[in-house]
Amino acid sequence: MCVEATPPPSSRLTRRGVLAGAAALAGTMAATTATGPATAATASATTASAADARRSGGSLLIRGGSLLDPATGAVVEDAAVLIVDGTVRAAGPQGSVTVPRGVEVLEAHGRWILPGLIDAHIHLSTAAEARDAVRKGATSARSGSTSFYQDIAVRELARHSPALAPRLTAAGVFVTPDLGDTVLADPDLTPLARLKEGVRSAEALRRVVEVNLARGADVIKTRVNERAGLPEQDPLAQVYSHEQLSEIVAAARRHGKGVLCHSYSEQGCHDAVTAGIRSLEHGAFVGERTLGEMRRRGTFFTPTLTAIAGLAESADPVLAERGRTYLPVLKRAVLAAYELGVPLAAGTDSSGGTVRPIGREVELMRAAGLPALAAIRTATTGAARLLGLERTAGRLARGFTGDAILVDGDPLTDVTVLKQPARVVRAGIAL
């Protein structure tokens, strides 16, 4: 069955029905300015308030403590970080930073100061999950998709009220053979429910990508293998071919967007990478030939060690055995990727209402054999490059966003301190 004759998705729906519905599902107020006020006067006032909200951010001086720059590994003792209107104005030794009068002070004596961490693979479907992620240190994140565009609403929430959510790169809905109830997320997806073979034809694949992008997705999420977290599925079974993955990548690229791909088997990983994906997710059985191709292409590896370790703790015997088997294999793949120079990004794959601290992923990167600084970079400068935020996130330097965490201990000696930040600062607002 062909969907080619269906008209292009309406972009008007992006800021109205779809975003309003997503906001309701997520429990956010992100749709407040999208649903359209009744009069021109109130429309003007709403637009102005929205613009002010987008510029919202606090002013704060973080004083004392040891400041780590993940980009260089340099440590400044007795440091000061001045954040004005949500942006770092100065960072360095206390004596080098001029502080305006009246700025709120956060004392950091005896603690280490790092940039806010980045979770490059997380599923945030509610406002509560978004808040939890921030408080656990993830001040920026990339969505691994949601069922009904909730991540797009969470992204808008973060823009208007940064203390309530991480800066989010949204993926919209999953490009997968069986959309399930996700066909109800959007009237432009419902015709796909008639497809007996699911979302597999070139036309259907393009359709899901186009609808996602029309609704405001920043990236596209797809899969090449079945899920590891469902005992009835075989994570090594391949669901999309190289040609199908190439169709998805091409459709995304036409709009300047990248693709992240759920993957496990070596053949699946290789097909995904050579099809041109931006980042490989999970990738437990990725092999040397594919890692070499990733190094050549600059493809990122987001192994989500936290999620695989979580499987090993499952009460389901199939999942527990799967986790115990996959985790050591994935750790070896992570170390091989690091040694080959494949760019790595940290992601927890948190979902289902449970938000795992991104510091746990850094801990597992370290356990896989990465040096402490390299492990920290996967959740700071490395993840920032993957998300296109390398000039705004991942460091505390002039012009970067005023996101920070304070931890009780030296992360270069013990990265586990990142799992429980003593304080979190989001856009200059101390939480």
# chains A, B, ... in the order shown; residues from 1 in each chain; ligands from 1

$ select_by_dssp --residues "range 162-297 of chain A" --states "alpha helix (DSSP H)" --output "number ranges by chain"
A: 202-214, 242-253, 266-275, 288-297

$ write_last_selection --atoms "N, CA and C atoms" --output "tab-separated table (two decimals), in the first residue's frame"
chain	number	residue	atom	x	y	z
A	202	ALA	N	9.58	2.59	1.07
A	202	ALA	CA	10.28	3.88	1.01
A	202	ALA	C	9.32	5.02	1.30
A	203	GLU	N	8.09	4.91	0.76
A	203	GLU	CA	7.10	5.97	0.96
A	203	GLU	C	6.71	6.10	2.43
A	204	ALA	N	6.50	4.96	3.08
A	204	ALA	CA	6.09	5.00	4.48
A	204	ALA	C	7.21	5.51	5.38
A	205	LEU	N	8.43	5.09	5.09
A	205	LEU	CA	9.57	5.56	5.88
A	205	LEU	C	9.73	7.07	5.76
A	206	ARG	N	9.64	7.55	4.52
A	206	ARG	CA	9.75	9.00	4.32
A	206	ARG	C	8.63	9.73	5.03
A	207	ARG	N	7.46	9.12	5.03
A	207	ARG	CA	6.30	9.77	5.64
A	207	ARG	C	6.51	10.01	7.13
A	208	VAL	N	6.99	8.99	7.84
A	208	VAL	CA	7.19	9.16	9.28
A	208	VAL	C	8.26	10.20	9.55
A	209	VAL	N	9.32	10.20	8.76
A	209	VAL	CA	10.36	11.22	8.92
A	209	VAL	C	9.79	12.61	8.69
A	210	GLU	N	9.04	12.77	7.61
A	210	GLU	CA	8.51	14.09	7.26
A	210	GLU	C	7.52	14.61	8.31
A	211	VAL	N	6.67	13.72	8.81
A	211	VAL	CA	5.72	14.15	9.84
A	211	VAL	C	6.47	14.57	11.11
A	212	ASN	N	7.47	13.79	11.50
A	212	ASN	CA	8.29	14.16	12.66
A	212	ASN	C	8.88	15.55	12.50
A	213	LEU	N	9.47	15.80	11.35
A	213	LEU	CA	10.15	17.08	11.15
A	213	LEU	C	9.14	18.23	11.06
A	214	ALA	N	7.98	17.96	10.48
A	214	ALA	CA	6.94	18.99	10.43
A	214	ALA	C	6.44	19.35	11.83
A	242	HIS	N	19.82	-2.26	4.85
A	242	HIS	CA	20.68	-1.11	4.54
A	242	HIS	C	19.93	-0.11	3.67
A	243	GLU	N	19.15	-0.61	2.71
A	243	GLU	CA	18.42	0.28	1.81
A	243	GLU	C	17.35	1.06	2.55
A	244	GLN	N	16.66	0.41	3.45
A	244	GLN	CA	15.62	1.10	4.22
A	244	GLN	C	16.23	2.16	5.14
A	245	LEU	N	17.35	1.82	5.78
A	245	LEU	CA	18.02	2.79	6.64
A	245	LEU	C	18.53	3.97	5.83
A	246	SER	N	19.01	3.70	4.64
A	246	SER	CA	19.49	4.78	3.76
A	246	SER	C	18.35	5.72	3.39
A	247	GLU	N	17.15	5.17	3.20
A	247	GLU	CA	15.99	5.99	2.88
A	247	GLU	C	15.67	6.93	4.03
A	248	ILE	N	15.74	6.41	5.25
A	248	ILE	CA	15.48	7.23	6.44
A	248	ILE	C	16.51	8.34	6.56
A	249	VAL	N	17.78	7.97	6.41
A	249	VAL	CA	18.86	8.96	6.52
A	249	VAL	C	18.71	10.04	5.46
A	250	ALA	N	18.41	9.64	4.22
A	250	ALA	CA	18.27	10.61	3.13
A	250	ALA	C	17.12	11.56	3.40
A	251	ALA	N	16.00	11.03	3.90
A	251	ALA	CA	14.83	11.89	4.19
A	251	ALA	C	15.17	12.90	5.27
A	252	ALA	N	15.92	12.48	6.29
A	252	ALA	CA	16.32	13.39	7.36
A	252	ALA	C	17.31	14.43	6.85
A	253	ARG	N	18.26	13.99	6.05
A	253	ARG	CA	19.29	14.90	5.55
A	253	ARG	C	18.72	15.99	4.66
A	266	GLU	N	26.27	-7.04	14.87
A	266	GLU	CA	27.35	-6.46	14.08
A	266	GLU	C	26.87	-6.10	12.68
A	267	GLN	N	26.12	-6.99	12.04
A	267	GLN	CA	25.63	-6.67	10.69
A	267	GLN	C	24.69	-5.49	10.72
A	268	GLY	N	23.82	-5.45	11.71
A	268	GLY	CA	22.92	-4.32	11.83
A	268	GLY	C	23.67	-3.02	12.06
A	269	CYS	N	24.66	-3.06	12.94
A	269	CYS	CA	25.48	-1.87	13.20
A	269	CYS	C	26.17	-1.40	11.92
A	270	HIS	N	26.73	-2.36	11.18
A	270	HIS	CA	27.45	-2.01	9.95
A	270	HIS	C	26.52	-1.40	8.92
A	271	ASP	N	25.33	-2.00	8.77
A	271	ASP	CA	24.37	-1.45	7.81
A	271	ASP	C	23.96	-0.04	8.21
A	272	ALA	N	23.74	0.19	9.49
A	272	ALA	CA	23.33	1.51	9.96
A	272	ALA	C	24.41	2.55	9.74
A	273	VAL	N	25.63	2.19	10.08
A	273	VAL	CA	26.75	3.15	9.94
A	273	VAL	C	26.99	3.48	8.48
A	274	THR	N	27.02	2.47	7.62
A	274	THR	CA	27.28	2.73	6.20
A	274	THR	C	26.10	3.40	5.51
A	275	ALA	N	24.92	3.33	6.12
A	275	ALA	CA	23.77	4.07	5.59
A	275	ALA	C	23.87	5.55	5.91
A	288	GLU	N	35.04	-4.72	14.85
A	288	GLU	CA	36.17	-3.85	14.51
A	288	GLU	C	35.99	-3.18	13.16
A	289	ARG	N	35.45	-3.92	12.17
A	289	ARG	CA	35.29	-3.31	10.84
A	289	ARG	C	34.32	-2.14	10.91
A	290	THR	N	33.26	-2.28	11.71
A	290	THR	CA	32.28	-1.20	11.82
A	290	THR	C	32.85	-0.04	12.64
A	291	LEU	N	33.59	-0.34	13.69
A	291	LEU	CA	34.23	0.73	14.46
A	291	LEU	C	35.20	1.51	13.59
A	292	GLY	N	35.91	0.81	12.72
A	292	GLY	CA	36.82	1.50	11.81
A	292	GLY	C	36.07	2.43	10.87
A	293	GLU	N	34.92	1.97	10.41
A	293	GLU	CA	34.09	2.79	9.54
A	293	GLU	C	33.54	4.00	10.30
A	294	MET	N	33.20	3.79	11.57
A	294	MET	CA	32.70	4.89	12.39
A	294	MET	C	33.78	5.94	12.59
A	295	ARG	N	35.00	5.47	12.82
A	295	ARG	CA	36.12	6.41	12.99
A	295	ARG	C	36.31	7.22	11.71
A	296	ARG	N	36.22	6.57	10.57
A	296	ARG	CA	36.43	7.25	9.29
A	296	ARG	C	35.34	8.28	9.03
A	297	ARG	N	34.11	7.93	9.39
A	297	ARG	CA	32.97	8.79	9.10
A	297	ARG	C	32.68	9.81	10.20

$ select_by_dssp --residues "range 65-311 of chain A" --states "strand (DSSP E or B)" --output "PyMOL selection string"
chain A and resi 66-68+75-76+79-84+87-93+104-107+112-115+117-122+138-143+167-169+175+220-223+225+238+259-263+279-282+300-302

$ closest_residue --among "A:Val355, A:Leu168, A:Met365, A:Ala108" --to "Leu389 in chain A" --atoms "only C-alpha atoms"
A:Leu168

$ residues_around --residues "range 367-379 of chain A" --least-positions-apart "2" --cutoff "7 Å" --atoms "only C-alpha atoms" --output "list of chain:residue names"
A:Pro70, A:Gly73, A:Leu117, A:Ile118, A:Asp119, A:Lys331, A:Arg332, A:Val334, A:Leu335, A:Leu344, A:Ala345, A:Ala346, A:Val362, A:Glu363, A:Leu364, A:Met365, A:Thr381, A:Gly382, A:Ala383, A:Leu412, A:Val415

$ write_last_selection --atoms "C-alpha atoms" --output "PDB file, in the first residue's frame"
ATOM      1  CA  PRO A  70      36.861  18.835  30.563  1.00  0.00           C
ATOM      2  CA  GLY A  73      41.752  18.752  31.811  1.00  0.00           C
ATOM      3  CA  LEU A 117      26.335  16.913  32.298  1.00  0.00           C
ATOM      4  CA  ILE A 118      24.684  15.790  29.058  1.00  0.00           C
ATOM      5  CA  ASP A 119      22.560  12.670  28.691  1.00  0.00           C
ATOM      6  CA  LYS A 331      32.366  -2.755  27.700  1.00  0.00           C
ATOM      7  CA  ARG A 332      34.974  -4.299  25.403  1.00  0.00           C
ATOM      8  CA  VAL A 334      33.480   0.792  24.257  1.00  0.00           C
ATOM      9  CA  LEU A 335      37.167   0.404  25.057  1.00  0.00           C
ATOM     10  CA  LEU A 344      31.769   8.497  22.386  1.00  0.00           C
ATOM     11  CA  ALA A 345      28.740  10.044  24.079  1.00  0.00           C
ATOM     12  CA  ALA A 346      27.131   9.107  27.383  1.00  0.00           C
ATOM     13  CA  VAL A 362      30.310   7.962  33.299  1.00  0.00           C
ATOM     14  CA  GLU A 363      31.110   5.437  36.027  1.00  0.00           C
ATOM     15  CA  LEU A 364      30.517   2.556  33.601  1.00  0.00           C
ATOM     16  CA  MET A 365      32.617   4.249  30.903  1.00  0.00           C
ATOM     17  CA  THR A 381      32.475  17.937  25.530  1.00  0.00           C
ATOM     18  CA  GLY A 382      31.906  14.714  23.588  1.00  0.00           C
ATOM     19  CA  ALA A 383      28.150  14.656  24.016  1.00  0.00           C
ATOM     20  CA  LEU A 412      39.470  12.721  38.256  1.00  0.00           C
ATOM     21  CA  VAL A 415      34.109   9.490  38.914  1.00  0.00           C
TER      22      VAL A 415
END

$ residues_around --residues "Ala309 in chain A" --least-positions-apart "4" --cutoff "9 Å" --atoms "only C-alpha atoms" --output "PyMOL selection string"
chain A and resi 304-305+313+323-324+326-327+364

$ residues_around --residues "Val105 in chain A" --least-positions-apart "3" --cutoff "10 Å" --atoms "only C-alpha atoms" --output "mmCIF file with all heavy atoms, in the first residue's frame"
data_model
loop_
_atom_site.group_PDB
_atom_site.id
_atom_site.type_symbol
_atom_site.label_atom_id
_atom_site.label_comp_id
_atom_site.auth_asym_id
_atom_site.auth_seq_id
_atom_site.Cartn_x
_atom_site.Cartn_y
_atom_site.Cartn_z
ATOM 1 N N SER A 59 21.327 35.009 37.397
ATOM 2 C CA SER A 59 22.676 35.536 37.574
ATOM 3 C C SER A 59 23.206 34.996 38.895
ATOM 4 O O SER A 59 22.522 35.057 39.922
ATOM 5 C CB SER A 59 22.657 37.071 37.582
ATOM 6 O OG SER A 59 22.260 37.564 36.309
ATOM 7 N N LEU A 60 24.414 34.463 38.860
ATOM 8 C CA LEU A 60 24.934 33.722 40.004
ATOM 9 C C LEU A 60 26.453 33.715 39.978
ATOM 10 O O LEU A 60 27.070 33.629 38.906
ATOM 11 C CB LEU A 60 24.419 32.275 39.938
ATOM 12 C CG LEU A 60 24.825 31.306 41.051
ATOM 13 C CD1 LEU A 60 24.079 31.652 42.347
ATOM 14 C CD2 LEU A 60 24.510 29.869 40.639
ATOM 15 N N LEU A 61 27.047 33.792 41.151
ATOM 16 C CA LEU A 61 28.490 33.598 41.288
ATOM 17 C C LEU A 61 28.720 32.295 42.043
ATOM 18 O O LEU A 61 28.267 32.133 43.175
ATOM 19 C CB LEU A 61 29.128 34.756 42.053
ATOM 20 C CG LEU A 61 30.623 34.589 42.376
ATOM 21 C CD1 LEU A 61 31.455 34.632 41.096
ATOM 22 C CD2 LEU A 61 31.089 35.625 43.385
ATOM 23 N N ILE A 62 29.413 31.365 41.413
ATOM 24 C CA ILE A 62 29.848 30.142 42.097
ATOM 25 C C ILE A 62 31.264 30.426 42.584
ATOM 26 O O ILE A 62 32.161 30.696 41.785
ATOM 27 C CB ILE A 62 29.822 28.929 41.157
ATOM 28 C CG1 ILE A 62 28.444 28.774 40.514
ATOM 29 C CG2 ILE A 62 30.198 27.658 41.917
ATOM 30 C CD1 ILE A 62 28.373 27.682 39.455
ATOM 31 N N ARG A 63 31.450 30.367 43.888
ATOM 32 C CA ARG A 63 32.704 30.857 44.461
ATOM 33 C C ARG A 63 33.390 29.768 45.284
ATOM 34 O O ARG A 63 32.774 29.082 46.098
ATOM 35 C CB ARG A 63 32.410 32.078 45.346
ATOM 36 C CG ARG A 63 33.641 32.711 45.959
ATOM 37 C CD ARG A 63 33.272 34.017 46.635
ATOM 38 N NE ARG A 63 32.375 33.814 47.787
ATOM 39 C CZ ARG A 63 31.726 34.796 48.410
ATOM 40 N NH1 ARG A 63 31.849 36.045 47.973
ATOM 41 N NH2 ARG A 63 30.964 34.534 49.457
ATOM 42 N N LEU A 82 31.224 33.223 37.064
ATOM 43 C CA LEU A 82 30.194 34.259 37.073
ATOM 44 C C LEU A 82 29.227 34.004 35.930
ATOM 45 O O LEU A 82 29.620 33.950 34.764
ATOM 46 C CB LEU A 82 30.826 35.641 36.914
ATOM 47 C CG LEU A 82 29.839 36.809 36.813
ATOM 48 C CD1 LEU A 82 29.012 36.942 38.085
ATOM 49 C CD2 LEU A 82 30.575 38.115 36.489
ATOM 50 N N GLY A 102 25.312 42.757 44.003
ATOM 51 C CA GLY A 102 24.002 42.164 44.149
ATOM 52 C C GLY A 102 23.822 40.789 43.548
ATOM 53 O O GLY A 102 22.712 40.251 43.567
ATOM 54 N N ALA A 108 31.185 27.160 46.991
ATOM 55 C CA ALA A 108 31.621 25.845 46.524
ATOM 56 C C ALA A 108 32.894 25.374 47.207
ATOM 57 O O ALA A 108 33.531 24.431 46.741
ATOM 58 C CB ALA A 108 31.843 25.896 45.015
ATOM 59 N N ALA A 430 20.385 28.265 40.772
ATOM 60 C CA ALA A 430 20.835 27.207 41.676
ATOM 61 C C ALA A 430 19.630 26.428 42.172
ATOM 62 O O ALA A 430 18.663 26.991 42.707
ATOM 63 C CB ALA A 430 21.594 27.807 42.854
#

$ residues_around --residues "Leu179 in chain A" --least-positions-apart "6" --cutoff "10 Å" --atoms "only C-alpha atoms" --output "PyMOL selection string"
chain A and resi 147+173+185+189-190+192-193+198-199+208

$ write_last_selection --atoms "all heavy atoms" --output "tab-separated table (two decimals), in the first residue's frame"
chain	number	residue	atom	x	y	z
A	147	SER	N	6.39	8.48	22.54
A	147	SER	CA	5.28	7.90	21.78
A	147	SER	C	4.35	8.95	21.18
A	147	SER	O	3.71	8.70	20.16
A	147	SER	CB	4.45	6.97	22.68
A	147	SER	OG	5.24	5.88	23.10
A	173	VAL	N	8.66	10.94	17.35
A	173	VAL	CA	8.24	9.54	17.44
A	173	VAL	C	9.20	8.64	16.67
A	173	VAL	O	9.86	9.06	15.72
A	173	VAL	CB	6.79	9.35	16.95
A	173	VAL	CG1	5.83	10.18	17.77
A	173	VAL	CG2	6.66	9.65	15.47
A	185	ALA	N	-0.82	9.47	17.49
A	185	ALA	CA	-0.15	10.69	17.90
A	185	ALA	C	-0.41	11.85	16.95
A	185	ALA	O	-0.24	13.01	17.31
A	185	ALA	CB	1.36	10.46	18.02
A	189	LEU	N	-0.26	10.45	10.63
A	189	LEU	CA	0.31	9.11	10.76
A	189	LEU	C	-0.75	8.01	10.64
A	189	LEU	O	-0.43	6.87	10.32
A	189	LEU	CB	1.03	8.96	12.11
A	189	LEU	CG	2.31	9.76	12.31
A	189	LEU	CD1	2.83	9.55	13.73
A	189	LEU	CD2	3.38	9.36	11.29
A	190	THR	N	-2.00	8.35	10.92
A	190	THR	CA	-3.02	7.31	10.99
A	190	THR	C	-3.18	6.50	9.70
A	190	THR	O	-3.48	5.30	9.79
A	190	THR	CB	-4.39	7.89	11.41
A	190	THR	OG1	-4.71	9.01	10.57
A	190	THR	CG2	-4.34	8.35	12.86
A	192	LEU	N	-1.01	5.16	8.03
A	192	LEU	CA	-0.01	4.08	8.07
A	192	LEU	C	-0.54	2.84	8.78
A	192	LEU	O	0.03	1.76	8.63
A	192	LEU	CB	1.26	4.58	8.74
A	192	LEU	CG	1.95	5.78	8.08
A	192	LEU	CD1	3.16	6.23	8.89
A	192	LEU	CD2	2.36	5.47	6.66
A	193	ALA	N	-1.60	2.99	9.55
A	193	ALA	CA	-2.17	1.84	10.25
A	193	ALA	C	-2.72	0.81	9.27
A	193	ALA	O	-2.88	-0.37	9.61
A	193	ALA	CB	-3.27	2.29	11.21
A	198	GLY	N	3.57	-2.98	7.78
A	198	GLY	CA	4.11	-1.96	8.66
A	198	GLY	C	4.87	-0.88	7.91
A	198	GLY	O	4.79	-0.77	6.68
A	199	VAL	N	5.62	-0.10	8.64
A	199	VAL	CA	6.37	1.01	8.05
A	199	VAL	C	7.67	0.46	7.47
A	199	VAL	O	8.71	0.42	8.15
A	199	VAL	CB	6.65	2.11	9.10
A	199	VAL	CG1	7.42	3.27	8.49
A	199	VAL	CG2	5.33	2.61	9.70
A	208	VAL	N	6.99	8.99	7.84
A	208	VAL	CA	7.19	9.16	9.28
A	208	VAL	C	8.26	10.20	9.55
A	208	VAL	O	8.13	11.03	10.46
A	208	VAL	CB	7.54	7.82	9.95
A	208	VAL	CG1	7.75	8.01	11.44
A	208	VAL	CG2	6.44	6.79	9.72

$ residues_around --residues "Leu236 in chain A" --least-positions-apart "2" --cutoff "7 Å" --atoms "only C-alpha atoms" --output "VMD selection string"
chain A and resid 225 to 226 234 238 264 to 265

$ write_last_selection --atoms "all heavy atoms" --output "PDB file, in the first residue's frame"
ATOM      1  N   ASN A 225      17.676  -3.215  14.802  1.00  0.00           N
ATOM      2  CA  ASN A 225      17.433  -4.489  15.488  1.00  0.00           C
ATOM      3  C   ASN A 225      16.230  -4.389  16.416  1.00  0.00           C
ATOM      4  O   ASN A 225      15.795  -3.295  16.768  1.00  0.00           O
ATOM      5  CB  ASN A 225      18.651  -4.900  16.325  1.00  0.00           C
ATOM      6  CG  ASN A 225      19.868  -5.242  15.486  1.00  0.00           C
ATOM      7  OD1 ASN A 225      20.890  -4.563  15.560  1.00  0.00           O
ATOM      8  ND2 ASN A 225      19.761  -6.289  14.684  1.00  0.00           N
ATOM      9  N   GLU A 226      15.737  -5.548  16.834  1.00  0.00           N
ATOM     10  CA  GLU A 226      14.675  -5.589  17.827  1.00  0.00           C
ATOM     11  C   GLU A 226      15.212  -5.163  19.194  1.00  0.00           C
ATOM     12  O   GLU A 226      16.405  -4.917  19.363  1.00  0.00           O
ATOM     13  CB  GLU A 226      14.068  -6.998  17.886  1.00  0.00           C
ATOM     14  CG  GLU A 226      13.262  -7.364  16.650  1.00  0.00           C
ATOM     15  CD  GLU A 226      12.506  -8.675  16.796  1.00  0.00           C
ATOM     16  OE1 GLU A 226      12.760  -9.430  17.766  1.00  0.00           O
ATOM     17  OE2 GLU A 226      11.656  -8.958  15.931  1.00  0.00           O
ATOM     18  N   ASP A 234      14.141 -10.679  19.909  1.00  0.00           N
ATOM     19  CA  ASP A 234      15.536 -11.072  19.730  1.00  0.00           C
ATOM     20  C   ASP A 234      16.328  -9.843  19.313  1.00  0.00           C
ATOM     21  O   ASP A 234      16.185  -9.364  18.179  1.00  0.00           O
ATOM     22  CB  ASP A 234      15.639 -12.162  18.658  1.00  0.00           C
ATOM     23  CG  ASP A 234      17.083 -12.565  18.347  1.00  0.00           C
ATOM     24  OD1 ASP A 234      18.006 -12.048  19.015  1.00  0.00           O
ATOM     25  OD2 ASP A 234      17.270 -13.389  17.435  1.00  0.00           O
ATOM     26  N   GLN A 238      17.301  -8.458  12.707  1.00  0.00           N
ATOM     27  CA  GLN A 238      17.344  -7.189  11.992  1.00  0.00           C
ATOM     28  C   GLN A 238      15.970  -6.863  11.413  1.00  0.00           C
ATOM     29  O   GLN A 238      15.319  -7.714  10.816  1.00  0.00           O
ATOM     30  CB  GLN A 238      18.395  -7.244  10.877  1.00  0.00           C
ATOM     31  CG  GLN A 238      18.725  -5.888  10.282  1.00  0.00           C
ATOM     32  CD  GLN A 238      20.069  -5.869   9.585  1.00  0.00           C
ATOM     33  OE1 GLN A 238      20.971  -6.618   9.950  1.00  0.00           O
ATOM     34  NE2 GLN A 238      20.206  -5.001   8.589  1.00  0.00           N
ATOM     35  N   TYR A 264      22.132  -3.585  17.723  1.00  0.00           N
ATOM     36  CA  TYR A 264      22.838  -4.566  18.560  1.00  0.00           C
ATOM     37  C   TYR A 264      23.787  -5.448  17.746  1.00  0.00           C
ATOM     38  O   TYR A 264      24.947  -5.607  18.089  1.00  0.00           O
ATOM     39  CB  TYR A 264      21.844  -5.438  19.340  1.00  0.00           C
ATOM     40  CG  TYR A 264      21.256  -4.734  20.525  1.00  0.00           C
ATOM     41  CD1 TYR A 264      20.014  -4.107  20.443  1.00  0.00           C
ATOM     42  CD2 TYR A 264      21.941  -4.651  21.735  1.00  0.00           C
ATOM     43  CE1 TYR A 264      19.485  -3.434  21.527  1.00  0.00           C
ATOM     44  CE2 TYR A 264      21.420  -3.974  22.821  1.00  0.00           C
ATOM     45  CZ  TYR A 264      20.191  -3.374  22.702  1.00  0.00           C
ATOM     46  OH  TYR A 264      19.670  -2.685  23.777  1.00  0.00           O
ATOM     47  N   SER A 265      23.295  -6.061  16.693  1.00  0.00           N
ATOM     48  CA  SER A 265      24.112  -7.029  15.951  1.00  0.00           C
ATOM     49  C   SER A 265      25.194  -6.337  15.141  1.00  0.00           C
ATOM     50  O   SER A 265      25.036  -5.183  14.741  1.00  0.00           O
ATOM     51  CB  SER A 265      23.233  -7.853  15.009  1.00  0.00           C
ATOM     52  OG  SER A 265      22.761  -7.055  13.929  1.00  0.00           O
TER      53      SER A 265
END

$ atom_distance --atom1 "CA of Leu387 in chain A" --atom2 "CA of Thr169 in chain A"
7.2 Å

$ closest_residue --among "A:Thr401, A:Gln150, A:Thr392, A:Thr302" --to "Val84 in chain A" --atoms "only C-alpha atoms"
A:Thr401

$ closest_residue --among "A:Glu104, A:Val175, A:Ile405, A:Arg111" --to "Glu77 in chain A" --atoms "only C-alpha atoms"
A:Arg111

$ closest_residue --among "A:Gly388, A:Gly341, A:Gly276, A:Gly137" --to "Arg360 in chain A" --atoms "only C-alpha atoms"
A:Gly137

$ closest_residue --among "A:Ile308, A:Ala228, A:Ala127, A:Ala320" --to "Ser161 in chain A" --atoms "only C-alpha atoms"
A:Ala127

$ atom_distance --atom1 "CA of Gly57 in chain A" --atom2 "CA of Asp132 in chain A"
19.0 Å
